[in-house]
Amino acid sequence: MKSMKRVLAGISAILMMTSVLAACGGNSNNASSPNSTPAPSTNNAAETPSNTSGEKVTINLWSFTDEIPNMTTKYLEVHPEANVEFKTTIIATTDGAYQPALDQALAAGGKDAPDIYAAEAAFVLKYTQGDASDYAANYADLSLDDQKVKDAGIAQYSVDIGSKDGQLKALGYQATGGAFIYRRSIAKDVFGTDDPATVKSEVGPGWDKFYAAAAKLKAKGYGIVSGDGDIWHAIENSSEKGWIVDGKLHIDPKREEFLDLSKKLKDNGYHNDTQDWTEAWYADMSGSGAQPIFGFFGPAWLINYVMNGQVKDTDGDWAVTESPTGFFWGGTWLLAHKDVTKDEAKKQAVADFINWVTLDSSETGLQYFWANGTMKDGEQGTKDSVASSVVMSNSNGEVPLLGGQNMFDVFVPANANASGKNLTQYDETINRLWRDQVREYTAGNKSRDDAIATFKQQVKDQLDIDSE
């Protein structure tokens with residue numbers, strides 16, 4: 001997830017307005033035959049927006065990084081007939097700046113309101129199902145129907161997160177189903193092979209097998225993960241229910257078990273007791289930590305945008321296999337303001353762009369360029385797992401960090417195994433409080449019961465949510 005990379009770089013909150021103007025001419029190499037039907041399609045022909053009135057359509061695009069705004073350049077390159085301009089507003093999530101600004105702009109409405117806006121996993125439910133969901137247009141009203149979703153092979157977890165009462169309001173372009181990323185050399189030393197199928201059966205399914213593998217690794221001087229944060233996302237997003245059930249704080253048994261699983265890691269020396277996003281965590285990626293670490297849990301973006309800059313001497317010594325339990329971590333969803341449906345030209349322009357980003361599974365769709373690292377002509381860019389399983393099945397996911405392994409062979413089923421039904425709009429805050437109390441418990445500063453009691457009280461104090 002590129003947004004995570006930029007957060008790590010310490011982006012300060014910015015507000016900037018730019019315009020990307022439509023190209024005057026066309027490049028016959030970048031677009032196939034025009035499609036003059038008003039509804040966007042997901043077939044294998046490049047799409048051509050149908051606004052021919054001569055008046056340029058302005059699309060106000062809001063995002064928290066330049067990732068989606070930069071896509072508009074490629075969109076206009078592929079669709080030279082598109083009579084649109086994009087006005088982009090970028091406000092970083094640093095210090096919580098993005099959401100308040102977006103909320104104010106959505107509420108104010110008018111010609112400067114966001115026509116298309118982005119939301120990441122940490123707060124997307126607020127805009128798809130929660131307090132701000134009424135601003136979002138239904139994809140069906142943009143002629144982006146369920147059949148297009150099926151044709152593109154979009155993972156169900158992404159659809160669930162982007163839907164309210166059965167109506168799809170948002171989709172992403174990435175797929176962030178998680179896998180287990182491990183060191184090949186350590187696998188050979190401990191398990192006799194680095195084959196992903198064998199390692200998969202050693203570390204799972206289930207946490208009992210995972211901890212049995214941890215014991216085998218420890219016997220040879222290795223930790224199985226860097227810190228307890230490495231297992232948290234797999235636990236969090238495989239729970240049956242989310243933090244809020246019937247308006248009250250609910251601690252799902254799988255999430256409560258994190259207390260015990262975390263303590264087991266610490267008490268047995270199965271990890272280096274790092275915290276994610278710290279220098280010690282990065283050191284374990286390069287093999288320079290307190291003890292060599294076998295693996296990390298994460299989606300493709302962890303490989304591409306985090307590990308890729310940290311592995312150093314371990315580059316090429318990694319492989320990926322399915323996680324002991326299905327989960328996802330992160331992602332960015334696109335929404336359209338409901339008012340775009342009031343103007344047919346704007347509605348069509350917005351629908352065409354969203355379709356190209358989220359549903360177009362052709363070789364001229366955003367996701368094909370994204371999966372194959374071909375956003376810039378003649379340049380091999382970063383390959384990434386994308387929302388469409390159809391695109392990934394037709395793409396080359398081989399990456400040097402993984403010793404040439406095609407990561408899509410693992411991430412397609414990983415995306416299918418993830419669940420999007422256990423999130424709430426309060427997860428960002430509640431997760432932070434929970435993880436802090438788990439660390440208090442594993443460090444011996446609190447009893448298990450005291451850690452839970454403190455957590456419940458903090459949720460009450462900060463969010464005014466009572467416990468069950």
# chains A, B, ... in the order shown; residues from 1 in each chain; ligands from 1

call {"tool": "closest_atom_pairs", "arguments": {"of": "region 222-300 of chain A", "to": "region 169-192 of chain A", "cutoff": "12 Å", "atoms": "only C-alpha atoms", "output": "JSON lines"}}
result
{"residue": "A:Tyr222", "atom": "CA", "partner": "A:Ile186", "partner_atom": "CA", "distance": 8.0}
{"residue": "A:Gly223", "atom": "CA", "partner": "A:Ile186", "partner_atom": "CA", "distance": 10.2}
{"residue": "A:Ile224", "atom": "CA", "partner": "A:Tyr182", "partner_atom": "CA", "distance": 9.0}
{"residue": "A:Val225", "atom": "CA", "partner": "A:Tyr182", "partner_atom": "CA", "distance": 9.2}
{"residue": "A:Ser226", "atom": "CA", "partner": "A:Tyr182", "partner_atom": "CA", "distance": 11.5}
{"residue": "A:Asp230", "atom": "CA", "partner": "A:Phe180", "partner_atom": "CA", "distance": 9.8}
{"residue": "A:Ile231", "atom": "CA", "partner": "A:Phe180", "partner_atom": "CA", "distance": 9.9}
{"residue": "A:Trp232", "atom": "CA", "partner": "A:Gly178", "partner_atom": "CA", "distance": 11.7}
{"residue": "A:His233", "atom": "CA", "partner": "A:Gly178", "partner_atom": "CA", "distance": 8.7}
{"residue": "A:Ala234", "atom": "CA", "partner": "A:Gly178", "partner_atom": "CA", "distance": 7.5}
{"residue": "A:Ile235", "atom": "CA", "partner": "A:Gly178", "partner_atom": "CA", "distance": 11.2}
{"residue": "A:Glu236", "atom": "CA", "partner": "A:Gly178", "partner_atom": "CA", "distance": 11.9}
{"residue": "A:Asn237", "atom": "CA", "partner": "A:Gly178", "partner_atom": "CA", "distance": 9.8}
{"residue": "A:Ser238", "atom": "CA", "partner": "A:Gly178", "partner_atom": "CA", "distance": 10.8}
{"residue": "A:Asp284", "atom": "CA", "partner": "A:Arg183", "partner_atom": "CA", "distance": 11.0}
{"residue": "A:Met285", "atom": "CA", "partner": "A:Arg183", "partner_atom": "CA", "distance": 9.3}
{"residue": "A:Ser286", "atom": "CA", "partner": "A:Arg183", "partner_atom": "CA", "distance": 10.4}
{"residue": "A:Gly287", "atom": "CA", "partner": "A:Arg183", "partner_atom": "CA", "distance": 9.6}
{"residue": "A:Gln291", "atom": "CA", "partner": "A:Ile186", "partner_atom": "CA", "distance": 11.8}
{"residue": "A:Pro292", "atom": "CA", "partner": "A:Ile186", "partner_atom": "CA", "distance": 8.5}
{"residue": "A:Ile293", "atom": "CA", "partner": "A:Arg183", "partner_atom": "CA", "distance": 7.9}
{"residue": "A:Phe294", "atom": "CA", "partner": "A:Arg183", "partner_atom": "CA", "distance": 5.4}
{"residue": "A:Gly295", "atom": "CA", "partner": "A:Tyr182", "partner_atom": "CA", "distance": 4.0}
{"residue": "A:Phe296", "atom": "CA", "partner": "A:Ile181", "partner_atom": "CA", "distance": 5.2}
{"residue": "A:Phe297", "atom": "CA", "partner": "A:Phe180", "partner_atom": "CA", "distance": 4.7}
{"residue": "A:Gly298", "atom": "CA", "partner": "A:Gly178", "partner_atom": "CA", "distance": 4.6}
{"residue": "A:Pro299", "atom": "CA", "partner": "A:Gly178", "partner_atom": "CA", "distance": 4.2}
{"residue": "A:Ala300", "atom": "CA", "partner": "A:Thr176", "partner_atom": "CA", "distance": 6.7}

call {"tool": "select_by_dssp", "arguments": {"residues": "region 166-365 of chain A", "states": "alpha helix (DSSP H)", "output": "number ranges by chain"}}
result
A: 184-191, 196-203, 207-219, 229-236, 253-267, 279-285, 300-301, 344-358

call {"tool": "select_by_dssp", "arguments": {"residues": "region 40-263 of chain A", "states": "strand (DSSP E or B)", "output": "PyMOL selection string"}}
result
chain A and resi 57-63+84-90+116-120+136+154+163-164+167-168+171-172+174+177+179-183+223+244-245+248-249

call {"tool": "closest_residue", "arguments": {"among": "A:Lys338, A:His271, A:Lys126, A:Lys446", "to": "Gly289 (chain A)", "atoms": "only C-alpha atoms"}}
result
A:His271

call {"tool": "residues_around", "arguments": {"residues": "Leu259 (chain A)", "least_positions_apart": "2", "cutoff": "9 Å", "atoms": "only C-alpha atoms", "output": "MDAnalysis selection string"}}
result
chainID A and resid 255:257 261:264 437:439 441:442 448

call {"tool": "closest_atom_pairs", "arguments": {"of": "region 304-346 of chain A", "to": "region 408-432 of chain A", "cutoff": "12 Å", "atoms": "only C-alpha atoms", "output": "tab-separated table"}}
result
residue	atom	partner	partner_atom	distance
A:Ala319	CA	A:Val410	CA	10.1
A:Val320	CA	A:Val410	CA	7.0
A:Thr321	CA	A:Val410	CA	6.0
A:Glu322	CA	A:Val410	CA	6.2
A:Ser323	CA	A:Ala414	CA	7.7
A:Pro324	CA	A:Ala414	CA	10.5
A:Thr325	CA	A:Asn417	CA	8.1
A:Gly326	CA	A:Ala418	CA	4.9
A:Phe327	CA	A:Ala418	CA	4.4
A:Phe328	CA	A:Ala418	CA	5.6
A:Trp329	CA	A:Ala418	CA	9.3
A:Gly330	CA	A:Gly420	CA	11.2
A:Gly331	CA	A:Gly420	CA	11.7

call {"tool": "residues_around", "arguments": {"residues": "Leu61 (chain A)", "least_positions_apart": "3", "cutoff": "7 Å", "atoms": "only C-alpha atoms", "output": "PyMOL selection string"}}
result
chain A and resi 86-89+114-117

call {"tool": "residues_around", "arguments": {"residues": "Phe455 (chain A)", "least_positions_apart": "2", "cutoff": "9 Å", "atoms": "only C-alpha atoms", "output": "list in words"}}
result
Ile430, Leu433, Trp434, Asp436, Gln437, Asp450, Ala451, Ile452, Ala453, Gln457, Gln458, Val459 and Lys460 of chain A

call {"tool": "write_last_selection", "arguments": {"atoms": "N, CA, C and O atoms", "output": "compact mmCIF listing (two decimals), in the first residue's frame"}}
result
# COMPACT_ATOMS: atom_id res chain seq x y z
N ILE A 430 -10.02 1.89 18.28
CA ILE A 430 -10.14 0.74 19.18
C ILE A 430 -8.95 -0.20 19.05
O ILE A 430 -8.45 -0.73 20.04
N LEU A 433 -6.01 1.14 21.09
CA LEU A 433 -6.21 0.95 22.53
C LEU A 433 -6.00 -0.52 22.91
O LEU A 433 -5.37 -0.83 23.93
N TRP A 434 -6.52 -1.42 22.10
CA TRP A 434 -6.42 -2.85 22.38
C TRP A 434 -4.98 -3.32 22.36
O TRP A 434 -4.50 -4.00 23.28
N ASP A 436 -2.27 -1.64 22.74
CA ASP A 436 -1.50 -1.07 23.85
C ASP A 436 -1.71 -1.88 25.13
O ASP A 436 -0.76 -2.15 25.87
N GLN A 437 -2.95 -2.28 25.38
CA GLN A 437 -3.23 -3.04 26.60
C GLN A 437 -2.69 -4.47 26.51
O GLN A 437 -2.28 -5.05 27.52
N ASP A 450 -7.10 -7.05 34.22
CA ASP A 450 -6.91 -5.60 34.33
C ASP A 450 -6.71 -4.97 32.96
O ASP A 450 -7.18 -3.85 32.70
N ALA A 451 -5.99 -5.67 32.08
CA ALA A 451 -5.77 -5.15 30.73
C ALA A 451 -7.10 -5.01 29.99
O ALA A 451 -7.35 -3.99 29.33
N ILE A 452 -7.96 -6.01 30.12
CA ILE A 452 -9.27 -5.96 29.47
C ILE A 452 -10.12 -4.85 30.07
O ILE A 452 -10.80 -4.10 29.35
N ALA A 453 -10.10 -4.73 31.39
CA ALA A 453 -10.90 -3.70 32.07
C ALA A 453 -10.46 -2.30 31.65
O ALA A 453 -11.29 -1.41 31.40
N GLN A 457 -12.67 0.58 29.59
CA GLN A 457 -12.86 1.93 30.13
C GLN A 457 -12.36 2.99 29.15
O GLN A 457 -12.99 4.05 28.99
N GLN A 458 -11.25 2.71 28.48
CA GLN A 458 -10.72 3.67 27.51
C GLN A 458 -11.67 3.84 26.32
O GLN A 458 -11.84 4.95 25.82
N VAL A 459 -12.27 2.76 25.86
CA VAL A 459 -13.24 2.85 24.77
C VAL A 459 -14.44 3.69 25.22
O VAL A 459 -14.95 4.52 24.45
N LYS A 460 -14.87 3.50 26.45
CA LYS A 460 -15.96 4.29 26.99
C LYS A 460 -15.59 5.77 27.07
O LYS A 460 -16.37 6.65 26.67

call {"tool": "closest_residue", "arguments": {"among": "A:Ala122, A:Ile90, A:Ala108, A:Ala214", "to": "Asn70 (chain A)", "atoms": "only C-alpha atoms"}}
result
A:Ile90

call {"tool": "atom_distance", "arguments": {"atom1": "CA of Asn272 (chain A)", "atom2": "CA of Ala197 (chain A)"}}
result
26.3 Å

call {"tool": "atom_distance", "arguments": {"atom1": "CA of Thr274 (chain A)", "atom2": "CA of Lys216 (chain A)"}}
result
20.7 Å

call {"tool": "residues_around", "arguments": {"residues": "Val340 (chain A)", "least_positions_apart": "3", "cutoff": "12 Å", "atoms": "only C-alpha atoms", "output": "NGL selection string"}}
result
:A and (57-60 or 109-116 or 135-139 or 141-142 or 335-337 or 343-351)
